[in-house]
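What follows is a short report on a single structure.
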Amino acid sequence: MMAALCPAAVIVLMDLYEIRGGRLGVITEEAEHQELSRGSTAMEPYSVVPDRGGRSARDVSTFQRFSVDTNESLRFEPCDGSSPSPTGAEDGHDDDDVFQEGETETIRDRLQGKVAEMESFAGHLEEIFLTVEENFGRREQHLEQHYNDVLQTLSQRYDERAAGLEQEKKGKLEALYNQLLACGQAMDASKELIETAQEIYRSQDKRIFLKTVMPAIKRIEEFAKEEMDLTLATCLEFNTPLADLSDVKTMMDSINVVPAPSAPVINPQISNSATQTSLRVCWSLFSDDTVEYYELYYRPVLEDTPADSTCAPHVGKVKVKETHCTVTDLLPNAQYELWVTATNTTGISPASEKALYMTVPSPPVIKQRECTSCPEAALVRWDSGNTNPVDSYTVELSEMGTDGTQSGVTESIVAVPTCQCLIQLQTGRRYLISVRAVNVGGPSDRSEVITVSTTGTFFYLLEDSAHPCLSISEDGFTIFYGDEELPISAMALEDYTFTRCVAVLGDLIPVRGRHYWEVEVDDGTEFRIGVAYEDTERNSYLGANTTSWCMRHILTPSRHKYEFLHNGWSPDLRITVNPVRIGVALDYDRGTLSFFNVDLEQHLHTFHCQFQNYVHPCFGLDNPGALTVHNGIEAPEYAFI
């Protein structure tokens with residue numbers, strides 16, 4: 001079809017738009033003859049009736065264009081507004097009408113569009129041709145299989161009948177042979193009696209005659225009493241039962257009915273096609289297969305499935321009529337194996353190939369005691385809450401209003417690969433933050449929402465780093481050093497735990513910029529406060545190595561002594577007023593760590609160091625007492641002057 005239409009369309013296109021001297025040339029008689037000779041039933045020929053001016057009606061005929069109807073047949077329509085005026089006097093032009101350039105472009109675009117439509121239609125026909133070829137091949141294979149089954153069934157019936165006839169013949173011959181043997185034995189017995197009687201009759205000895213004649217007579221009488229069956233023991237004709245070929249007839253009839261369906265094909269899982277407890281499964285089937293219903297089978301994929309089949313996962317089944325189904329009552333974040341069969345009046349199709357689908361994960365669990373924040377960012381940590389791994393996580397945050405409710409649009413940070421995320425925020429705001437786990441099935445429900453403030457730097461104390469003699473309050477901000485001595489057996493020391501210095505670390509501060517917190521102590525407590533790298537030695541004192549900086553308070557008989565230690569060295573400083581509330585200001589960018597007497601707004605000391613890594617706040621007690629950390633507060637103006 002394409003080979004017949006496209007050249008014609010090209011000829012019409014070239015002839016219609018051959019412009020000579022600014023005028024549209026008339027279609028040549030040769031081109032018209034070519035079009036008419038092609039035998040196209042859809043093309044209407046141009047009229048060739050002369051008009052009053054001597055011109056042929058073809059000069060004033062209506063131009064035609066190709067179009068494809070909804071039933072995919074070709075037709076021609078007149079192009080609106082493309083007919084020239086019958087006479088040149090009405091519009092003031094010459095006999096040959098002159099088309100404006102815009103009209104010419106419009107007609108050309110329409111023809112080009114129709115050519116494109118025909119090309120598309122030809123491509124569609126080619127696809128249909130391939131589909132017909134494929135369906136024909138499958139039907140031919142189906143027919144051949146049916147006839148092979150019929151021939152095989154008939155061959156089996158022939159073998160069964162032949163074996164039956166052979167067995168019947170054998171039985172008849174055995175019966176006749178046995179009867180023949182019985183007749184022969186009777187004849188031998190009668191012959192023997194006759195010969196015996198003749199010998200007795202010829203005997204000359206009367207004494208022997210009298211002795212033998214009576215037994216012989218008795219034997220003859222007994223033999224005469226025996227009745228011989230002289231009828232045939234078997235029928236000479238063979239039984240000819242009617243063959244039951246009903247199943248063969250059914251097989252022959254099935255050739256003319258709908259074949260059993262082919263195996264369906266389960267589509268791969270798409271995003272957002274699952275919930276925590278359900279899966280939406282779709283599949284497809286060949287277009288020419290007739291199906292009454294489908295059966296979808298599913299079972300969970302377990303990592304440690306025992307070899308004993310009795311302990312295999314339960315297989316569920318759903319019966320539907322559509323090519324899609326939603327399976328419910330499933331486990332969250334679990335992998336399921338699914339397959340489907342199609343059934344019609346002829347039979348059941350083979351099972352499709354097994355596909356793997358995933359339900360949506362359970363919501364993550366935010367570890368609030370391990371979340372930190374500062375004026376410019378927040379570090380949120382969580383547990384997956386799922387046995388199977390997830391693809392990624394999505395962190396959602398929205399700003400809180402002054403009344404404690406959500407205000408503004410919720411923002412999302414997608415494709416977070418691990419169970420923590422550093423979020424850039426605006427200073428002096430409060431945010432509601434939640435996390436979703438995402439796999440191929442879609443996102444989970446939201447986790448519990450936590451509130452994060454960016455007024456100041458906020459962190460918790462890391463209990464797993466605390467010396468065994470330290471106790472941490474329930475809120476996680478006060479440490480206690482008791483008077484009692486713990487036995488060595490009760491001091492379960494680990495690599496991450498302080499062993500010599502009675503100290504504890506705070507959460508890592510992983511955001512560059514300015515950070516501020518305060519520490520409250522009493523006069524009778526010896527303490528160490530400052531910062532330390534994550535790899536600071538746990539069997540060393542704070543400030544006695546190159547990985548920690550701290551302010552130390554020592555009680556002497558004469559006075560309170562304060563040291564600002566780094567690598568075991570401290571400048572000689574004297575503080576006259578003992579600070580009860582100490583402010584700590586960390587500035588990563590400037591490389592400074594400063595200490596202040598908050599009550600007096602007095603600067604005590606500043607370390608100058610370009611921190612190569614992020615640091616932890618650190619706190620230690622050198623004698624029994626208590627220390628309270630105040631964080632999440634706004635830094636005073638004097639802290640970073």
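Here, A, B, ... name the chains of the structure tokens in the order displayed, residue numbers run from 1 inside each chain, and ligands are numbered from 1 in the same displayed order.
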Considering only C-alpha atoms, return as a PyMOL selection string whatever protein or nucleic-acid residues lie within 10 Å of stretch 627-636 of chain A, sequence-local ones (same chain, fewer than 2 positions apart) excluded.
chain A and resi 372-375+427-428+452-461+472-473+476-481+506+514-522+525-529+581-585+598+601+619-621+625+638-641
File dump, residues just selected, N, CA and C atoms, as a short mmCIF file (atom, residue, chain, number, x, y, z; two decimals), in the first residue's frame:
```
data_model
loop_
_atom_site.label_atom_id
_atom_site.label_comp_id
_atom_site.auth_asym_id
_atom_site.auth_seq_id
_atom_site.Cartn_x
_atom_site.Cartn_y
_atom_site.Cartn_z
N THR A 372 21.52 15.96 66.11
CA THR A 372 22.12 17.23 66.54
C THR A 372 21.68 18.33 65.60
N SER A 373 21.83 19.57 66.07
CA SER A 373 21.47 20.72 65.25
C SER A 373 22.34 21.90 65.64
N CYS A 374 22.37 22.88 64.76
CA CYS A 374 23.12 24.11 64.97
C CYS A 374 22.37 25.22 64.24
N PRO A 375 22.81 26.47 64.34
CA PRO A 375 22.06 27.56 63.71
C PRO A 375 21.89 27.43 62.20
N THR A 427 18.63 29.98 60.16
CA THR A 427 18.91 30.25 61.57
C THR A 427 17.66 30.76 62.28
N GLY A 428 17.53 30.35 63.54
CA GLY A 428 16.47 30.86 64.40
C GLY A 428 15.08 30.36 64.05
N VAL A 452 13.06 20.15 65.53
CA VAL A 452 14.45 20.60 65.51
C VAL A 452 14.47 22.12 65.53
N SER A 453 15.26 22.67 66.43
CA SER A 453 15.41 24.12 66.53
C SER A 453 16.79 24.53 66.06
N THR A 454 16.86 25.65 65.36
CA THR A 454 18.15 26.18 64.88
C THR A 454 18.52 27.46 65.63
N THR A 455 17.99 27.59 66.85
CA THR A 455 18.38 28.76 67.65
C THR A 455 19.84 28.69 68.03
N GLY A 456 20.30 27.50 68.40
CA GLY A 456 21.71 27.30 68.77
C GLY A 456 22.11 25.88 68.49
N THR A 457 23.34 25.56 68.90
CA THR A 457 23.86 24.21 68.70
C THR A 457 23.26 23.27 69.75
N PHE A 458 22.72 22.13 69.25
CA PHE A 458 22.05 21.17 70.13
C PHE A 458 22.68 19.79 69.93
N PHE A 459 22.99 19.12 71.05
CA PHE A 459 23.56 17.77 70.98
C PHE A 459 23.25 17.05 72.28
N TYR A 460 23.39 15.72 72.23
CA TYR A 460 23.26 14.87 73.42
C TYR A 460 24.62 14.31 73.78
N LEU A 461 24.72 13.80 75.00
CA LEU A 461 25.94 13.12 75.44
C LEU A 461 25.93 11.68 74.96
N ILE A 472 24.74 9.40 83.74
CA ILE A 472 24.13 10.45 82.92
C ILE A 472 22.65 10.50 83.24
N SER A 473 22.13 11.70 83.41
CA SER A 473 20.72 11.88 83.75
C SER A 473 19.82 11.39 82.62
N GLY A 476 19.75 13.39 79.52
CA GLY A 476 20.98 13.32 78.73
C GLY A 476 21.84 14.55 78.77
N PHE A 477 21.66 15.43 79.77
CA PHE A 477 22.45 16.67 79.79
C PHE A 477 23.21 16.90 81.09
N THR A 478 23.10 16.02 82.09
CA THR A 478 23.82 16.17 83.35
C THR A 478 24.60 14.89 83.63
N ILE A 479 25.86 15.05 84.07
CA ILE A 479 26.69 13.90 84.42
C ILE A 479 27.01 13.98 85.91
N PHE A 480 27.12 12.79 86.53
CA PHE A 480 27.39 12.68 87.96
C PHE A 480 28.60 11.76 88.16
N TYR A 481 29.42 12.16 89.14
CA TYR A 481 30.56 11.33 89.55
C TYR A 481 30.38 11.07 91.03
N GLY A 506 30.25 14.49 73.74
CA GLY A 506 28.96 14.83 73.16
C GLY A 506 28.91 14.43 71.70
N ARG A 514 29.74 28.55 63.31
CA ARG A 514 29.87 28.93 64.72
C ARG A 514 28.92 28.09 65.57
N HIS A 515 29.43 27.68 66.73
CA HIS A 515 28.66 26.86 67.65
C HIS A 515 28.90 27.34 69.08
N TYR A 516 27.84 27.23 69.88
CA TYR A 516 27.93 27.76 71.25
C TYR A 516 27.10 26.90 72.18
N TRP A 517 27.64 26.62 73.35
CA TRP A 517 26.91 25.95 74.42
C TRP A 517 27.48 26.39 75.76
N GLU A 518 26.82 26.08 76.83
CA GLU A 518 27.23 26.49 78.17
C GLU A 518 27.24 25.30 79.10
N VAL A 519 28.10 25.41 80.13
CA VAL A 519 28.26 24.36 81.13
C VAL A 519 28.12 24.98 82.51
N GLU A 520 27.32 24.34 83.36
CA GLU A 520 27.09 24.84 84.72
C GLU A 520 27.72 23.88 85.73
N VAL A 521 28.58 24.44 86.61
CA VAL A 521 29.28 23.65 87.63
C VAL A 521 29.22 24.41 88.95
N ASP A 522 29.65 23.74 90.02
CA ASP A 522 29.74 24.44 91.31
C ASP A 522 31.20 24.60 91.70
N THR A 525 33.73 21.52 92.46
CA THR A 525 33.89 20.45 91.46
C THR A 525 35.10 20.73 90.59
N GLU A 526 35.95 19.72 90.48
CA GLU A 526 37.06 19.79 89.53
C GLU A 526 36.58 19.21 88.20
N PHE A 527 36.78 19.93 87.13
CA PHE A 527 36.19 19.53 85.85
C PHE A 527 37.13 19.83 84.71
N ARG A 528 36.80 19.24 83.58
CA ARG A 528 37.46 19.53 82.31
C ARG A 528 36.35 19.67 81.26
N ILE A 529 36.36 20.78 80.53
CA ILE A 529 35.39 20.98 79.45
C ILE A 529 36.12 21.52 78.24
N ARG A 581 28.90 29.42 85.50
CA ARG A 581 28.32 29.05 84.21
C ARG A 581 29.32 29.48 83.14
N ILE A 582 29.83 28.53 82.41
CA ILE A 582 30.92 28.77 81.46
C ILE A 582 30.37 28.62 80.05
N GLY A 583 30.61 29.62 79.21
CA GLY A 583 30.22 29.55 77.81
C GLY A 583 31.37 29.07 76.95
N VAL A 584 31.06 28.19 76.00
CA VAL A 584 32.07 27.64 75.08
C VAL A 584 31.65 28.03 73.66
N ALA A 585 32.53 28.72 72.95
CA ALA A 585 32.26 29.19 71.59
C ALA A 585 33.25 28.56 70.63
N VAL A 598 29.89 33.43 81.86
CA VAL A 598 28.62 33.92 81.34
C VAL A 598 28.03 34.99 82.25
N GLU A 601 29.98 38.03 81.57
CA GLU A 601 30.27 38.26 80.15
C GLU A 601 31.76 38.52 79.95
N PHE A 619 33.47 16.51 78.19
CA PHE A 619 33.23 16.93 79.56
C PHE A 619 33.82 15.88 80.49
N GLY A 620 34.52 16.33 81.55
CA GLY A 620 35.12 15.41 82.50
C GLY A 620 35.03 15.94 83.92
N LEU A 621 35.03 15.01 84.89
CA LEU A 621 35.03 15.34 86.31
C LEU A 621 36.23 14.66 86.95
N GLY A 625 31.14 14.94 91.93
CA GLY A 625 30.36 16.15 91.72
C GLY A 625 29.43 15.97 90.52
N TYR A 638 28.78 38.80 72.43
CA TYR A 638 30.21 38.92 72.75
C TYR A 638 30.99 37.63 72.45
N ALA A 639 30.29 36.52 72.21
CA ALA A 639 30.99 35.24 72.07
C ALA A 639 31.82 35.18 70.80
N PHE A 640 31.43 35.89 69.74
CA PHE A 640 32.16 35.79 68.47
C PHE A 640 32.61 37.15 67.97
N ILE A 641 32.95 38.06 68.89
CA ILE A 641 33.49 39.36 68.48
C ILE A 641 34.92 39.20 68.00
#
```
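If only C-alpha atoms are the atoms counted, then among A:Gln145, A:Thr234, A:Thr328, A:Asn567 the closest residue to A:Glu168 is A:Thr234.
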Given only C-alpha atoms as the counted atoms, nearest of A:Ala415, A:Leu296, A:Cys371, A:Leu331 to A:Asn386:
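For A:Asn386, the nearest of the given residues is A:Leu331.
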Find, counting only C-alpha atoms, the residue in A:Asp247, A:Asp507, A:Asp445, A:Asp589 that gets nearest to A:Arg157.
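Going through A:Asp247, A:Asp507, A:Asp445, A:Asp589 one by one, the smallest distance to A:Arg157 is for A:Asp247.
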So, counting only C-alpha atoms, which residue among A:Cys421, A:Ala189, A:Ala626, A:Val577 is closest to A:Thr394?
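Result for the nearest residue to A:Thr394: A:Cys421.
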Quick one: of A:Met400, A:Asn388, A:Ile423, A:Val132, who's nearest to A:Phe286, counting only C-alpha atoms?
A:Val132
Can you tell me, as a list in words, what residues are no more than 7 Å from A:Leu432 when counting only C-alpha atoms, ignoring any on the same chain fewer than 5 positions away?
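Listing them by chain and then by number gives Leu397, Ser398, Glu399, Met400, Val449, Ile450, Thr451 and Val452 of chain A.
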Write to file, as a PDB file, in the first residue's frame, the residues of the selection just made, with C-alpha atoms.
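Result written to again-v9.pdb:
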```
ATOM      1  CA  LEU A 397      10.775  18.932  56.721  1.00  0.00           C
ATOM      2  CA  SER A 398       8.448  21.855  57.213  1.00  0.00           C
ATOM      3  CA  GLU A 399       8.785  25.028  59.249  1.00  0.00           C
ATOM      4  CA  MET A 400       6.788  25.450  62.443  1.00  0.00           C
ATOM      5  CA  VAL A 449       7.909  13.599  63.630  1.00  0.00           C
ATOM      6  CA  ILE A 450      10.657  15.282  65.658  1.00  0.00           C
ATOM      7  CA  THR A 451      11.114  18.987  66.331  1.00  0.00           C
ATOM      8  CA  VAL A 452      14.454  20.598  65.506  1.00  0.00           C
TER       9      VAL A 452
END
```
Report, in Å with one decimal, the straight-line distance from atom CA of A:Thr212 to atom CA of A:Gln185.
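Straight-line distance from atom CA of A:Thr212 to atom CA of A:Gln185 works out to 23.7 Å.
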In Å, with one decimal, what is the gap from atom CA of A:Gly137 to atom CA of A:Ala122?
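Result for atom CA of A:Gly137 versus atom CA of A:Ala122: 22.5 Å, one decimal.
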Per-residue DSSP, stretch 390-616 of chain A, filtered to helix (DSSP H, G or I), as a PyMOL selection string
chain A and resi 463-465+488-490
Could you write those residues out with N, CA and C atoms, as a PDB file, in the first residue's frame?
```pdb
ATOM      1  N   GLU A 463      26.478   8.137  75.628  1.00  0.00           N
ATOM      2  CA  GLU A 463      26.620   7.295  76.813  1.00  0.00           C
ATOM      3  C   GLU A 463      27.653   6.188  76.613  1.00  0.00           C
ATOM      4  N   ASP A 464      27.788   5.691  75.383  1.00  0.00           N
ATOM      5  CA  ASP A 464      28.739   4.603  75.170  1.00  0.00           C
ATOM      6  C   ASP A 464      30.188   5.054  75.251  1.00  0.00           C
ATOM      7  N   SER A 465      30.429   6.370  75.321  1.00  0.00           N
ATOM      8  CA  SER A 465      31.807   6.861  75.490  1.00  0.00           C
ATOM      9  C   SER A 465      32.120   7.200  76.938  1.00  0.00           C
ATOM     10  N   ILE A 488      36.729  -3.487  89.916  1.00  0.00           N
ATOM     11  CA  ILE A 488      37.286  -3.640  88.569  1.00  0.00           C
ATOM     12  C   ILE A 488      36.384  -4.499  87.696  1.00  0.00           C
ATOM     13  N   SER A 489      35.752  -5.516  88.279  1.00  0.00           N
ATOM     14  CA  SER A 489      34.887  -6.405  87.503  1.00  0.00           C
ATOM     15  C   SER A 489      33.664  -5.689  86.959  1.00  0.00           C
ATOM     16  N   ALA A 490      33.236  -4.614  87.664  1.00  0.00           N
ATOM     17  CA  ALA A 490      32.047  -3.881  87.217  1.00  0.00           C
ATOM     18  C   ALA A 490      32.366  -2.853  86.154  1.00  0.00           C
TER      19      ALA A 490
END
```
Using only C-alpha atoms, which protein or nucleic acid residues come within 10 Å of stretch 590-594 of chain A? Drop anything in the same chain fewer than 2 positions from it, and give the result as a VMD selection string.
chain A and resid 513 to 516 530 to 531 549 to 551 583 to 588 596 603 to 612 639 to 640
Select, from A:Glu103, A:Ser407, A:Ala233, A:Asp599, the residue with the minimum atom-to-atom distance to A:Tyr177, counting only C-alpha atoms.
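Using only C-alpha atoms, A:Tyr177 sits closest to A:Ala233.
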